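Pasted below: run.cif, mmCIF, C-alpha atoms.
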```cif
data_data
loop_
_atom_site.label_atom_id
_atom_site.label_comp_id
_atom_site.auth_asym_id
_atom_site.auth_seq_id
_atom_site.Cartn_x
_atom_site.Cartn_y
_atom_site.Cartn_z
CA MET A 12 14.17 -7.33 -29.52
CA SER A 13 13.78 -9.77 -32.40
CA GLU A 14 12.94 -8.53 -35.90
CA GLU A 15 9.57 -10.21 -35.57
CA ASP A 16 8.76 -8.06 -32.52
CA ASP A 17 10.01 -4.87 -34.09
CA PHE A 18 6.83 -3.85 -35.88
CA ASP A 19 5.54 -0.42 -36.77
CA LEU A 20 2.54 0.80 -34.75
CA ASN A 21 1.42 2.71 -37.84
CA ASP A 22 0.70 -0.61 -39.56
CA LEU A 23 -2.05 -1.47 -37.08
CA ASP A 24 -5.68 -0.56 -37.63
CA ASP A 25 -7.44 1.51 -34.95
CA LYS A 26 -8.79 -1.43 -32.98
CA GLU A 27 -5.45 -3.25 -33.04
CA LEU A 28 -3.63 -0.06 -32.08
CA VAL A 29 -5.86 0.57 -29.07
CA GLU A 30 -5.21 -3.01 -27.92
CA GLN A 31 -1.49 -2.58 -28.54
CA ILE A 32 -1.41 0.65 -26.50
CA GLN A 33 -3.18 -1.19 -23.68
CA ASP A 34 -0.61 -4.02 -23.92
CA ASP A 35 2.28 -1.55 -23.96
CA LEU A 36 0.80 0.30 -21.01
CA TYR A 37 0.50 -3.01 -19.16
CA ASP A 38 4.19 -3.63 -19.90
CA GLY A 39 5.13 -0.12 -18.71
CA LEU A 40 6.50 0.91 -22.11
CA ASP A 41 6.41 4.69 -21.87
CA ALA A 42 7.77 5.51 -25.36
CA GLU A 43 5.44 3.05 -27.11
CA VAL A 44 2.34 4.36 -25.30
CA THR A 45 3.32 7.93 -26.20
CA GLU A 46 3.85 6.95 -29.84
CA GLY A 47 0.53 5.08 -30.01
CA THR A 48 -1.29 8.07 -28.50
CA GLU A 49 0.23 10.38 -31.12
CA ILE A 50 -0.75 8.03 -33.94
CA LEU A 51 -4.39 7.87 -32.83
CA LEU A 52 -4.54 11.66 -32.55
CA GLY A 53 -2.94 11.90 -36.00
CA ARG A 54 -5.75 9.70 -37.35
CA GLY A 55 -8.27 12.24 -36.12
CA TRP A 56 -9.30 10.56 -32.88
CA ASP A 57 -10.82 12.79 -30.23
CA ALA A 58 -8.44 13.21 -27.28
CA ASN A 59 -11.19 12.11 -24.88
CA ASP A 60 -11.62 8.84 -26.78
CA VAL A 61 -7.87 8.16 -26.82
CA LEU A 62 -7.77 8.78 -23.09
CA GLY A 63 -10.83 6.70 -22.27
CA GLU A 64 -10.38 3.75 -24.60
CA ALA A 65 -6.62 3.32 -24.80
CA LEU A 66 -5.13 4.74 -21.59
CA VAL A 67 -7.88 4.44 -18.98
CA GLY A 68 -9.00 1.17 -20.58
CA GLY A 69 -5.45 -0.14 -20.20
CA MET A 70 -5.13 1.02 -16.61
CA LYS A 71 -8.42 -0.69 -15.74
CA ILE A 72 -6.90 -4.01 -16.83
CA VAL A 73 -3.85 -3.18 -14.70
CA GLY A 74 -6.14 -2.40 -11.76
CA VAL A 75 -7.92 -5.73 -12.03
CA ASP A 76 -4.64 -7.69 -12.23
CA PHE A 77 -3.26 -5.76 -9.26
CA ARG A 78 -6.35 -6.60 -7.25
CA ASP A 79 -6.05 -10.26 -8.24
CA GLY A 80 -2.40 -10.45 -7.20
CA ILE A 81 -1.08 -10.87 -10.74
CA LEU A 82 0.68 -7.51 -10.75
CA PHE A 83 2.47 -5.91 -7.83
CA VAL A 84 3.25 -2.32 -6.92
CA PRO A 85 6.47 -1.96 -8.97
CA GLU A 86 4.73 -3.15 -12.14
CA VAL A 87 1.72 -0.91 -11.49
CA LEU A 88 4.03 2.06 -11.06
CA LYS A 89 5.68 1.33 -14.38
CA CYS A 90 2.21 1.17 -15.99
CA ALA A 91 1.32 4.49 -14.36
CA GLY A 92 4.53 6.00 -15.71
CA ALA A 93 3.59 4.82 -19.21
CA MET A 94 0.10 6.30 -18.84
CA LYS A 95 1.62 9.59 -17.75
CA GLY A 96 3.52 9.66 -21.06
CA GLY A 97 0.23 9.52 -22.98
CA MET A 98 -1.48 11.97 -20.60
CA LYS A 99 1.29 14.49 -21.18
CA ILE A 100 0.28 14.70 -24.82
CA LEU A 101 -3.46 14.64 -24.20
CA ARG A 102 -3.66 17.09 -21.28
CA PRO A 103 -3.05 20.32 -23.24
CA ILE A 104 -5.42 19.20 -26.00
CA LEU A 105 -8.16 18.43 -23.50
CA ALA A 106 -7.57 21.74 -21.72
CA GLU A 107 -8.00 23.68 -24.97
CA SER A 108 -11.05 21.72 -26.01
CA ALA A 109 -14.08 23.96 -26.54
CA GLU A 110 -16.36 21.24 -25.24
CA ASP A 111 -16.48 21.15 -21.45
CA THR A 112 -16.36 17.48 -20.67
CA SER A 113 -15.06 17.89 -17.10
CA LEU A 114 -16.87 15.85 -14.50
CA GLY A 115 -16.00 18.48 -11.90
CA LYS A 116 -13.27 19.02 -9.36
CA PHE A 117 -11.82 16.24 -7.25
CA VAL A 118 -9.72 17.23 -4.22
CA ILE A 119 -7.48 14.45 -2.98
CA GLY A 120 -4.82 14.19 -0.29
CA THR A 121 -3.07 11.88 2.17
CA VAL A 122 -4.12 12.58 5.74
CA LYS A 123 -2.07 14.10 8.55
CA GLY A 124 0.81 12.00 9.88
CA ASP A 125 1.14 9.99 6.69
CA ILE A 126 3.68 10.58 3.94
CA HIS A 127 2.62 7.75 1.65
CA ASP A 128 1.24 8.85 -1.67
CA ILE A 129 1.73 6.13 -4.27
CA GLY A 130 -1.87 4.88 -4.13
CA LYS A 131 -3.26 8.38 -3.78
CA ASN A 132 -1.35 9.52 -6.88
CA LEU A 133 -2.64 6.52 -8.84
CA VAL A 134 -6.20 7.46 -7.88
CA ALA A 135 -5.51 11.09 -8.86
CA MET A 136 -4.23 9.94 -12.23
CA MET A 137 -7.16 7.61 -12.87
CA CYS A 138 -9.65 10.30 -11.85
CA GLU A 139 -7.99 12.77 -14.18
CA GLY A 140 -8.24 10.15 -16.89
CA ALA A 141 -11.93 9.71 -16.10
CA GLY A 142 -12.48 13.42 -16.68
CA PHE A 143 -12.11 15.09 -13.30
CA GLU A 144 -10.11 18.23 -12.66
CA VAL A 145 -7.90 16.92 -9.88
CA ILE A 146 -6.51 19.10 -7.10
CA ASN A 147 -3.82 17.04 -5.42
CA LEU A 148 -3.04 18.26 -1.90
CA GLY A 149 -0.06 15.95 -1.46
CA ILE A 150 0.84 14.29 1.84
CA ASN A 151 0.46 14.90 5.58
CA ASN A 152 -2.68 17.05 5.34
CA PRO A 153 -4.30 18.39 8.51
CA VAL A 154 -8.05 18.96 8.38
CA GLU A 155 -7.48 22.66 7.64
CA ASN A 156 -5.95 21.82 4.26
CA TYR A 157 -9.06 19.92 3.19
CA LEU A 158 -11.37 22.67 4.41
CA GLU A 159 -9.40 25.41 2.65
CA ALA A 160 -9.33 23.39 -0.57
CA ILE A 161 -13.10 22.85 -0.38
CA ASP A 162 -13.67 26.57 0.13
CA GLU A 163 -11.34 27.50 -2.68
CA HIS A 164 -12.20 24.89 -5.31
CA GLU A 165 -15.76 23.82 -4.45
CA PRO A 166 -15.08 20.22 -5.51
CA VAL A 167 -17.79 17.65 -6.17
CA ILE A 168 -15.67 15.04 -4.39
CA VAL A 169 -13.04 15.02 -1.65
CA GLY A 170 -10.85 11.93 -1.44
CA MET A 171 -8.76 10.96 1.56
CA SER A 172 -5.97 8.40 1.59
CA ALA A 173 -3.86 6.69 4.27
CA LEU A 174 -1.42 3.80 4.27
CA LEU A 175 -0.94 3.43 7.98
CA THR A 176 -3.28 1.85 10.48
CA THR A 177 -2.23 4.63 12.82
CA THR A 178 -3.18 7.45 10.47
CA MET A 179 -6.41 6.20 8.92
CA PRO A 180 -8.57 7.22 11.92
CA TYR A 181 -7.69 10.85 11.12
CA MET A 182 -10.10 10.59 8.21
CA GLY A 183 -12.86 10.61 10.81
CA VAL A 184 -11.62 13.99 12.06
CA VAL A 185 -11.93 15.47 8.58
CA VAL A 186 -15.40 13.98 8.12
CA GLU A 187 -16.55 15.33 11.48
CA GLU A 188 -15.31 18.83 10.71
CA MET A 189 -16.95 18.81 7.28
CA GLU A 190 -20.21 17.76 8.90
CA LYS A 191 -19.98 20.52 11.50
CA ARG A 192 -19.55 23.08 8.75
CA GLY A 193 -22.38 21.69 6.62
CA MET A 194 -20.02 20.82 3.79
CA ARG A 195 -21.19 17.27 3.22
CA LYS A 196 -24.39 18.17 1.43
CA ASP A 197 -22.46 19.63 -1.50
CA THR A 198 -19.31 17.54 -1.34
CA HIS A 199 -19.18 13.79 -1.68
CA ILE A 200 -16.43 12.10 0.37
CA MET A 201 -14.43 9.06 -0.68
CA CYS A 202 -11.68 7.20 1.13
CA GLY A 203 -9.06 4.61 0.31
CA GLY A 204 -5.69 3.15 1.22
CA ALA A 205 -4.14 -0.26 1.76
CA PRO A 206 -5.24 -0.89 5.36
CA LEU A 207 -8.80 0.38 4.86
CA ASN A 208 -11.85 -1.74 4.24
CA GLN A 209 -15.57 -1.19 3.84
CA GLU A 210 -16.20 -1.75 7.53
CA PHE A 211 -13.81 1.04 8.53
CA ALA A 212 -15.19 3.36 5.84
CA ASP A 213 -18.73 2.78 7.14
CA SER A 214 -17.57 3.42 10.70
CA ILE A 215 -16.39 6.94 9.83
CA GLY A 216 -19.53 7.64 7.82
CA VAL A 217 -17.91 7.39 4.40
CA PRO A 218 -19.45 4.42 2.61
CA ALA A 219 -17.67 5.36 -0.63
CA TYR A 220 -14.57 3.23 -0.10
CA GLY A 221 -12.38 2.77 -3.17
CA ARG A 222 -10.58 -0.55 -2.91
CA ASP A 223 -8.13 0.34 -5.68
CA ALA A 224 -7.33 3.19 -8.05
CA ALA A 225 -9.38 1.92 -10.97
CA ARG A 226 -12.44 1.22 -8.83
CA SER A 227 -12.10 4.59 -7.08
CA ALA A 228 -12.18 6.42 -10.40
CA GLU A 229 -15.19 4.36 -11.50
CA MET A 230 -17.02 5.13 -8.26
CA ALA A 231 -16.27 8.85 -8.60
CA GLU A 232 -17.60 8.84 -12.13
CA GLU A 233 -20.68 6.82 -11.15
CA TYR A 234 -21.41 9.31 -8.38
CA VAL A 235 -21.28 12.32 -10.71
CA ARG A 236 -23.29 10.60 -13.45
CA GLY A 237 -25.83 9.59 -10.81
CA MET A 238 -26.09 13.16 -9.59
CA ASP A 239 -26.58 14.38 -13.15
CA LYS A 240 -29.39 11.88 -13.64
CA LYS A 241 -31.07 13.00 -10.43
CA ARG A 242 -30.90 16.60 -11.54
CA GLY A 243 -32.30 15.60 -14.92
CA HIS A 244 -35.34 14.02 -13.30
CA ARG A 245 -36.18 17.11 -11.26
CA MET B 3 -4.66 -20.24 -4.86
CA VAL B 4 -1.77 -21.13 -2.61
CA TRP B 5 -1.00 -18.38 -0.13
CA ILE B 6 1.06 -20.26 2.32
CA LYS B 7 4.72 -20.96 1.96
CA SER B 8 5.18 -21.66 5.61
CA VAL B 9 8.63 -22.26 6.92
CA VAL B 10 9.19 -25.02 9.39
CA ILE B 11 11.92 -23.36 11.36
CA ASP B 12 13.05 -26.30 13.37
CA LYS B 13 12.06 -29.90 12.72
CA LYS B 14 12.20 -30.61 16.41
CA ASN B 15 9.87 -27.69 17.00
CA SER B 16 7.29 -28.91 14.53
CA ASP B 17 6.35 -31.75 16.84
CA LYS B 18 2.56 -31.82 16.87
CA ALA B 19 2.53 -32.82 20.52
CA LYS B 20 3.51 -29.28 21.39
CA LYS B 21 0.57 -27.28 22.57
CA ARG B 22 1.63 -23.72 21.88
CA LEU B 23 1.77 -22.40 18.33
CA VAL B 24 3.66 -19.20 17.63
CA LEU B 25 2.83 -18.22 14.06
CA GLY B 26 4.92 -15.25 13.06
CA CYS B 27 6.34 -13.06 10.37
CA GLY B 28 9.45 -14.50 8.75
CA ALA B 29 11.21 -11.21 9.41
CA LEU B 30 11.09 -12.06 13.13
CA VAL B 31 12.45 -15.57 12.78
CA TYR B 32 15.97 -14.97 14.12
CA ASP B 33 14.71 -13.02 17.10
CA LEU B 34 12.03 -15.58 17.94
CA LEU B 35 14.48 -18.46 17.64
CA ARG B 36 16.96 -16.65 19.88
CA LEU B 37 14.30 -16.05 22.52
CA ILE B 38 13.17 -19.68 22.37
CA LYS B 39 16.72 -20.98 22.67
CA GLN B 40 17.29 -18.81 25.72
CA ASN B 41 14.53 -20.68 27.53
CA PRO B 42 14.72 -24.50 27.36
CA THR B 43 11.11 -24.81 28.52
CA LEU B 44 9.94 -22.77 25.58
CA SER B 45 11.87 -24.85 23.09
CA GLU B 46 10.19 -27.97 24.44
CA LYS B 47 6.67 -26.60 24.40
CA VAL B 48 6.44 -24.10 21.55
CA ASN B 49 6.06 -24.83 17.87
CA LEU B 50 7.32 -21.88 15.86
CA GLN B 51 6.08 -21.45 12.32
CA CYS B 52 6.83 -18.45 10.14
CA LEU B 53 5.13 -16.99 7.09
CA PRO B 54 7.01 -15.24 4.27
CA ALA B 55 8.92 -12.12 5.32
CA SER B 56 8.30 -10.74 1.83
CA TRP B 57 4.72 -10.04 2.92
CA HIS B 58 6.26 -7.00 4.62
CA ASN B 59 5.77 -5.34 1.21
CA SER B 60 2.34 -6.91 0.59
CA PRO B 61 0.43 -6.66 3.89
CA GLN B 62 -2.83 -7.58 2.18
CA LEU B 63 -1.51 -11.17 2.07
CA ILE B 64 -0.96 -11.44 5.83
CA ALA B 65 -4.49 -11.95 7.15
CA PRO B 66 -5.51 -14.46 4.44
CA GLY B 67 -2.19 -16.28 4.94
CA VAL B 68 -2.62 -16.53 8.70
CA GLU B 69 -6.24 -17.60 8.24
CA GLU B 70 -5.27 -20.34 5.80
CA TYR B 71 -2.61 -21.70 8.12
CA LEU B 72 -4.88 -21.61 11.15
CA SER B 73 -7.80 -23.20 9.31
CA GLU B 74 -5.63 -26.25 8.72
CA ASN B 75 -3.63 -26.34 11.94
CA ALA B 76 -5.36 -24.48 14.75
CA HIS B 77 -7.05 -27.65 16.03
CA LEU B 78 -3.63 -29.09 16.86
CA TYR B 79 -2.92 -26.49 19.54
CA GLU B 80 -4.31 -25.35 22.84
CA ASP B 81 -2.95 -21.83 22.48
CA ILE B 82 -2.04 -19.69 19.52
CA TYR B 83 0.04 -16.57 19.52
CA ILE B 84 0.42 -14.58 16.33
CA ALA B 85 3.81 -12.89 16.19
CA TYR B 86 2.65 -9.95 14.13
CA ALA B 87 1.48 -6.48 15.06
CA ASP B 88 -1.36 -5.03 12.95
CA CYS B 89 1.30 -4.70 10.21
CA GLY B 90 -0.82 -2.63 7.82
CA THR B 91 -3.73 -5.07 7.75
CA GLY B 92 -6.13 -2.42 9.01
CA GLY B 93 -7.78 -4.74 11.51
CA ALA B 94 -8.11 -7.68 9.09
CA LEU B 95 -5.57 -9.69 11.08
CA ASP B 96 -7.45 -8.96 14.29
CA ARG B 97 -10.61 -10.43 12.82
CA VAL B 98 -8.77 -13.68 12.05
CA ILE B 99 -7.19 -13.65 15.51
CA GLU B 100 -10.56 -13.21 17.15
CA LYS B 101 -12.01 -16.10 15.15
CA TYR B 102 -9.32 -18.46 16.46
CA ASP B 103 -9.21 -16.99 19.95
CA ALA B 104 -5.53 -16.18 19.45
CA LYS B 105 -3.42 -13.21 20.56
CA ARG B 106 -0.99 -10.89 18.82
CA ILE B 107 1.67 -8.35 19.72
CA ASP B 108 0.36 -4.88 20.57
CA GLY B 109 1.18 -2.09 18.18
CA ALA B 110 0.92 -1.01 14.58
CA HIS B 111 4.07 -2.70 13.27
CA CYS B 112 7.37 -4.27 14.28
CA TYR B 113 9.13 -0.91 14.44
CA GLU B 114 6.73 0.11 17.18
CA PHE B 115 6.98 -3.06 19.25
CA PHE B 116 10.76 -3.21 18.88
CA ALA B 117 11.36 0.44 19.83
CA GLY B 118 8.42 0.81 22.21
CA SER B 119 5.46 3.05 21.45
CA GLU B 120 6.89 6.08 23.22
CA VAL B 121 10.24 5.99 21.43
CA PHE B 122 8.60 5.28 18.11
CA GLU B 123 6.23 8.21 18.53
CA GLN B 124 9.16 10.44 19.40
CA LEU B 125 11.07 9.32 16.30
CA SER B 126 8.03 9.97 14.10
CA GLU B 127 7.54 13.40 15.60
CA GLU B 128 11.19 14.28 15.05
CA GLU B 129 10.99 13.32 11.38
CA LEU B 130 7.82 12.00 9.82
CA GLY B 131 9.76 11.00 6.72
CA THR B 132 11.73 8.29 8.49
CA PHE B 133 12.48 4.93 6.92
CA TYR B 134 13.04 2.20 9.50
CA LEU B 135 15.20 -0.90 9.34
CA THR B 136 15.56 -3.81 11.74
CA ASP B 137 18.29 -6.48 11.92
CA TYR B 138 16.37 -8.66 9.51
CA LEU B 139 15.76 -5.87 7.05
CA VAL B 140 19.41 -4.79 7.10
CA LYS B 141 20.57 -8.36 6.60
CA ASN B 142 18.06 -8.93 3.79
CA PHE B 143 18.03 -5.40 2.45
CA HIS B 144 18.64 -6.31 -1.18
CA ARG B 145 16.05 -9.08 -1.27
CA ILE B 146 13.25 -7.34 0.65
CA MET B 147 13.84 -3.69 -0.19
CA ILE B 148 15.73 -3.46 -3.46
CA LYS B 149 14.34 -6.53 -5.26
CA GLY B 150 11.05 -6.53 -3.34
CA LEU B 151 10.26 -2.99 -4.45
CA GLY B 152 11.50 -3.68 -7.97
CA LEU B 153 14.35 -1.20 -7.66
CA ASP B 154 16.87 -3.68 -9.09
CA LYS B 155 15.03 -3.66 -12.41
CA HIS B 156 13.55 -0.18 -12.23
CA PRO B 157 15.85 2.14 -10.26
CA GLU B 158 13.88 5.07 -11.66
CA LEU B 159 11.09 4.13 -9.22
CA PHE B 160 13.27 5.26 -6.32
CA GLU B 161 11.81 8.76 -6.39
CA VAL B 162 8.27 7.41 -6.46
CA TYR B 163 8.86 5.31 -3.34
CA PHE B 164 11.13 7.56 -1.33
CA GLU B 165 10.37 11.11 -2.41
CA HIS B 166 9.20 12.11 1.05
CA TYR B 167 11.76 10.25 3.17
CA LYS B 168 14.66 12.11 4.72
CA LYS B 169 16.08 9.85 7.38
CA LEU B 170 16.92 6.19 7.99
CA VAL B 171 16.74 4.84 11.53
CA TYR B 172 18.21 1.42 12.21
CA LEU B 173 16.33 -0.09 15.15
CA ALA B 174 18.81 -2.84 16.03
CA GLN B 175 17.89 -6.01 17.91
CA THR B 176 21.49 -7.08 18.37
CA GLU B 177 24.88 -5.41 18.19
CA ASN B 178 26.45 -6.28 14.88
CA GLU B 179 29.18 -4.04 13.47
CA GLN B 180 28.75 -5.24 9.89
CA TRP B 181 25.02 -4.55 9.89
CA GLN B 182 25.65 -1.10 11.36
CA LYS B 183 28.10 -0.37 8.56
CA ASP B 184 25.64 -1.70 5.98
CA ALA B 185 22.71 0.33 7.34
CA LYS B 186 24.81 3.48 7.36
CA GLN B 187 25.82 2.81 3.78
CA TYR B 188 22.18 2.27 2.72
CA ALA B 189 21.31 5.64 4.27
CA LYS B 190 24.17 7.25 2.38
CA ASP B 191 23.16 5.55 -0.88
CA PHE B 192 19.59 6.79 -0.45
CA GLY B 193 20.72 10.28 0.54
CA PHE B 194 19.13 10.06 3.99
CA ASP B 195 20.31 11.16 7.41
CA TYR B 196 21.20 8.20 9.59
CA GLU B 197 20.54 7.20 13.17
CA TYR B 198 21.35 3.98 14.99
CA ARG B 199 19.40 2.80 18.01
CA LEU B 200 19.99 -0.47 19.80
CA VAL B 201 16.46 -1.23 20.99
CA GLY B 202 16.62 -5.03 21.39
CA THR B 203 13.54 -7.15 20.85
CA GLY B 204 11.31 -4.84 22.90
CA ASN B 205 7.76 -6.04 23.18
CA LEU B 206 8.36 -9.07 20.92
CA ASN B 207 9.10 -10.87 24.18
CA SER B 208 5.41 -10.60 25.00
CA VAL B 209 4.86 -13.54 22.64
CA PHE B 210 6.30 -15.70 25.39
CA ASP B 211 5.56 -13.56 28.46
CA GLU B 212 1.92 -14.52 28.21
CA ILE B 213 2.56 -18.22 28.01
CA ASP B 214 1.64 -19.99 31.19
CA ILE B 215 4.44 -22.53 31.10
CA GLN B 216 3.24 -24.33 34.20
CA SER B 217 -0.11 -25.19 32.67
CA LEU B 218 1.40 -26.84 29.62
#
```
Show me, as structure tokens, the structure contained in the file I just sent.
Amino acid sequence: MSEEDDFDLNDLDDKELVEQIQDDLYDGLDAEVTEGTEILLGRGWDANDVLGEALVGGMKIVGVDFRDGILFVPEVLKCAGAMKGGMKILRPILAESAEDTSLGKFVIGTVKGDIHDIGKNLVAMMCEGAGFEVINLGINNPVENYLEAIDEHEPVIVGMSALLTTTMPYMGVVVEEMEKRGMRKDTHIMCGGAPLNQEFADSIGVPAYGRDAARSAEMAEEYVRGMDKKRGHR
Amino acid sequence: MVWIKSVVIDKKNSDKAKKRLVLGCGALVYDLLRLIKQNPTLSEKVNLQCLPASWHNSPQLIAPGVEEYLSENAHLYEDIYIAYADCGTGGALDRVIEKYDAKRIDGAHCYEFFAGSEVFEQLSEEELGTFYLTDYLVKNFHRIMIKGLGLDKHPELFEVYFEHYKKLVYLAQTENEQWQKDAKQYAKDFGFDYEYRLVGTGNLNSVFDEIDIQSL
């Protein structure tokens, strides 16, 4: 690194620092994102604002560039790793916060027969960043796992993920079982994964298709905010 | 935006007078060329074009890439065969294929059409966390897998990619001692169990089985 590049994050004002954290996150610089997060907290920033403006804001830029083919999976994973560094500091502060800012519980898992979880974990991370309490079921989940998690956690949203063309139809099995048990009226369902598209999502009765991690988190948040508004009008 | 970096495999084969286009994945190029060379009639009548094998890691590029190629070239051919399976396109490739009245290889991916659906299902049932290689992927392992997944620059991503994998199965198209040694070594390097199966080209041959040579 040249001397010119070797600047002190403390020298930046708040706006510049937020932009720098977003840049560092984009470049997958774990230590720099962690340091920037600590500095903002040290300046009295609310942990929610650090999370929303610096980290989630940065990951949204990453999401757009991934969608547009500017970034590829390895780069996105490095960005996610950098965001995790910042989240590690913020998570305990948010948990201890007296103010309940949680958007609710979000159960997410990769469906039966599928062991791919990179995209699903990115969505989990972005949803946590958006303010959800995420219950991550992991990979290869039969319908029973989703049903048990719904009974146990009463989530506002259940998310299903698949990477394989051969496993994505299993989402329909989960949807059908949730319908049979009357679970859909209280639990919103979302789906996503590389081979999915809106047409498939509509065909299994889950119009909430998240085309990427950033958009999925936005959609989840929009759903909850929309529900809150509806309740407010009653 | 330029999607296509099409590879003209054989200048002789790019003759526009040929009526049959086989547009395939670059990872199948050696196998397709071998099959064509085995049948002199095919080499006279078929124009083989391949799209980048690196799309193996970016399946979202496949359907737009095939569409772009066909939009410019489909009118030159009487028949079009797409030498891909669904390959993680989630039906997007099928929509392009339908538009151009083309055909493709049955199955979800090359592992399935090389091994056969029954064998592939059996392998998946034995160990869901199985990582598959073919001749092409063994030969180009560093370019497609190590560099393609960014592991050359970021080896720490290994866990993220392969956390749930336990076994490597080499589905070989040809017998090649060096590639067998290499595949076994990759399994060892990754800490996976290893299995070798000589499956040949399997259902890839269907690309040519369905050609009515006499009508050409």
### Query
Could you state the separation of atom CA of B:Gly67 and atom CA of A:Thr177 in Å, given to one decimal place?
22.3 Å
### Query
Can you list, as a PyMOL selection string, every protein, DNA or RNA residue that comes within 9 Å of A:Asp38 when you count all atoms listed in the file, leaving out same-chain residues fewer than 2 positions away?
chain A and resi 33-36+40-41+86+89-90+93
#### Entry: Expected selection from the PyMOL selection byres ((chain B and resi 107) around 6), given as number ranges by chain
B: 86-87, 106, 108
Output C-alpha atoms for every residue in the selection just made, as an mmCIF file, keeping the file's coordinate frame.
```cif
data_model
loop_
_atom_site.group_PDB
_atom_site.id
_atom_site.type_symbol
_atom_site.label_atom_id
_atom_site.label_comp_id
_atom_site.auth_asym_id
_atom_site.auth_seq_id
_atom_site.Cartn_x
_atom_site.Cartn_y
_atom_site.Cartn_z
ATOM 1 C CA TYR B 86 2.650 -9.950 14.130
ATOM 2 C CA ALA B 87 1.480 -6.480 15.060
ATOM 3 C CA ARG B 106 -0.990 -10.890 18.820
ATOM 4 C CA ASP B 108 0.360 -4.880 20.570
#
```
Could you list, as a tab-separated table (two decimals) with C-alpha atoms, in the coordinates of the input, every residue within 7 Å of stretch 44-55 of chain A, counting only C-alpha atoms and ignoring same-chain residues fewer than 6 positions away?
```tsv
chain	number	residue	atom	x	y	z
A	20	LEU	CA	2.54	0.80	-34.75
A	21	ASN	CA	1.42	2.71	-37.84
A	28	LEU	CA	-3.63	-0.06	-32.08
A	32	ILE	CA	-1.41	0.65	-26.50
A	35	ASP	CA	2.28	-1.55	-23.96
A	36	LEU	CA	0.80	0.30	-21.01
A	61	VAL	CA	-7.87	8.16	-26.82
A	93	ALA	CA	3.59	4.82	-19.21
A	96	GLY	CA	3.52	9.66	-21.06
A	97	GLY	CA	0.23	9.52	-22.98
```
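The smallest atom-to-atom distance between A:Arg226 and any of A:Gly68, A:Gly74, A:Pro180, A:Gly193, using only C-alpha atoms, is found for A:Gly74.
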Apply the PyMOL selection byres ((chain B and resi 84) around 7) to the file shown and report the selected residues as a compact mmCIF listing (two decimals) with C-alpha atoms, in the frame of the given file.
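This is the output file expr20.txt:
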```txt
# COMPACT_ATOMS: atom_id res chain seq x y z
CA VAL B 24 3.66 -19.20 17.63
CA LEU B 25 2.83 -18.22 14.06
CA GLY B 26 4.92 -15.25 13.06
CA ILE B 82 -2.04 -19.69 19.52
CA TYR B 83 0.04 -16.57 19.52
CA ALA B 85 3.81 -12.89 16.19
CA TYR B 86 2.65 -9.95 14.13
CA ALA B 104 -5.53 -16.18 19.45
CA LYS B 105 -3.42 -13.21 20.56
CA ARG B 106 -0.99 -10.89 18.82
```
Write out as JSON an axis-aligned box for stretch 21-36 of chain B: all of its atoms listed in the file, 6 Å added on each side, centre and edge lengths in Å with one decimal.
```
{"center_x": 8.8, "center_y": -19.2, "center_z": 15.7, "size_x": 28.4, "size_y": 28.1, "size_z": 25.8}
```
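The shortest atom-to-atom distance to B:Asp33, with all atoms listed in the file taken into account, belongs to B:Cys112 out of B:Leu170, B:Cys112, B:Leu125, B:Val68.
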### Query
Near A:Met182, counting only C-alpha atoms, which residues have an atom at most 12 Å away, once you skip same-chain residues fewer than 2 positions from it, shown as a PyMOL selection string?
chain A and resi 120-125+151-154+157+169-180+184-189+200-204+207+211-217+220
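Interatomic distance, atom CA of A:Ala224 against atom CA of A:Arg242: 27.3 Å.
Between atom CA of B:Tyr198 and atom CA of B:Thr176 the separation is 11.6 Å.
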Determine, counting only C-alpha atoms, which protein, DNA and RNA residues have an atom within 10 Å of an atom of stretch 73-78 of chain B; residues of the same chain fewer than 2 positions away are not included. Present the result as a short mmCIF file (atom, residue, chain, number, x, y, z; two decimals) with C-alpha atoms, in the frame of the given file.
```cif
data_model
loop_
_atom_site.label_atom_id
_atom_site.label_comp_id
_atom_site.auth_asym_id
_atom_site.auth_seq_id
_atom_site.Cartn_x
_atom_site.Cartn_y
_atom_site.Cartn_z
CA LYS B 18 2.56 -31.82 16.87
CA ALA B 19 2.53 -32.82 20.52
CA LYS B 20 3.51 -29.28 21.39
CA LYS B 21 0.57 -27.28 22.57
CA ARG B 22 1.63 -23.72 21.88
CA LEU B 23 1.77 -22.40 18.33
CA GLY B 67 -2.19 -16.28 4.94
CA VAL B 68 -2.62 -16.53 8.70
CA GLU B 69 -6.24 -17.60 8.24
CA GLU B 70 -5.27 -20.34 5.80
CA TYR B 71 -2.61 -21.70 8.12
CA GLU B 80 -4.31 -25.35 22.84
CA ASP B 81 -2.95 -21.83 22.48
CA ILE B 82 -2.04 -19.69 19.52
CA VAL B 98 -8.77 -13.68 12.05
CA TYR B 102 -9.32 -18.46 16.46
CA ASP B 103 -9.21 -16.99 19.95
CA ALA B 104 -5.53 -16.18 19.45
#
```
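Proximity ranking of B:Ala117, B:Val171, B:Leu135, B:Ile38 relative to B:Asp195 places B:Val171 first, based on all atoms listed in the file.
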### Query
Between B:Asp96, B:Asp137, B:Glu120, B:Asp191, which one has atoms that come closest to B:Glu179, using all atoms listed in the file?
B:Asp137
### Query
Using the chain letters and numbers from the file, which residues does the PyMOL selection byres ((chain B and resi 206) around 7) grab, as a PyMOL selection string?
chain B and resi 107+115-116+203-205+207-209
### Task
Could you pull out every residue with an atom within 9 Å of (-14.0, 3.2, -14.7), file coordinates, counting all atoms listed in the file, and send them as a ChimeraX atom specification?
/A:63,67-68,71,137-138,141,225-233
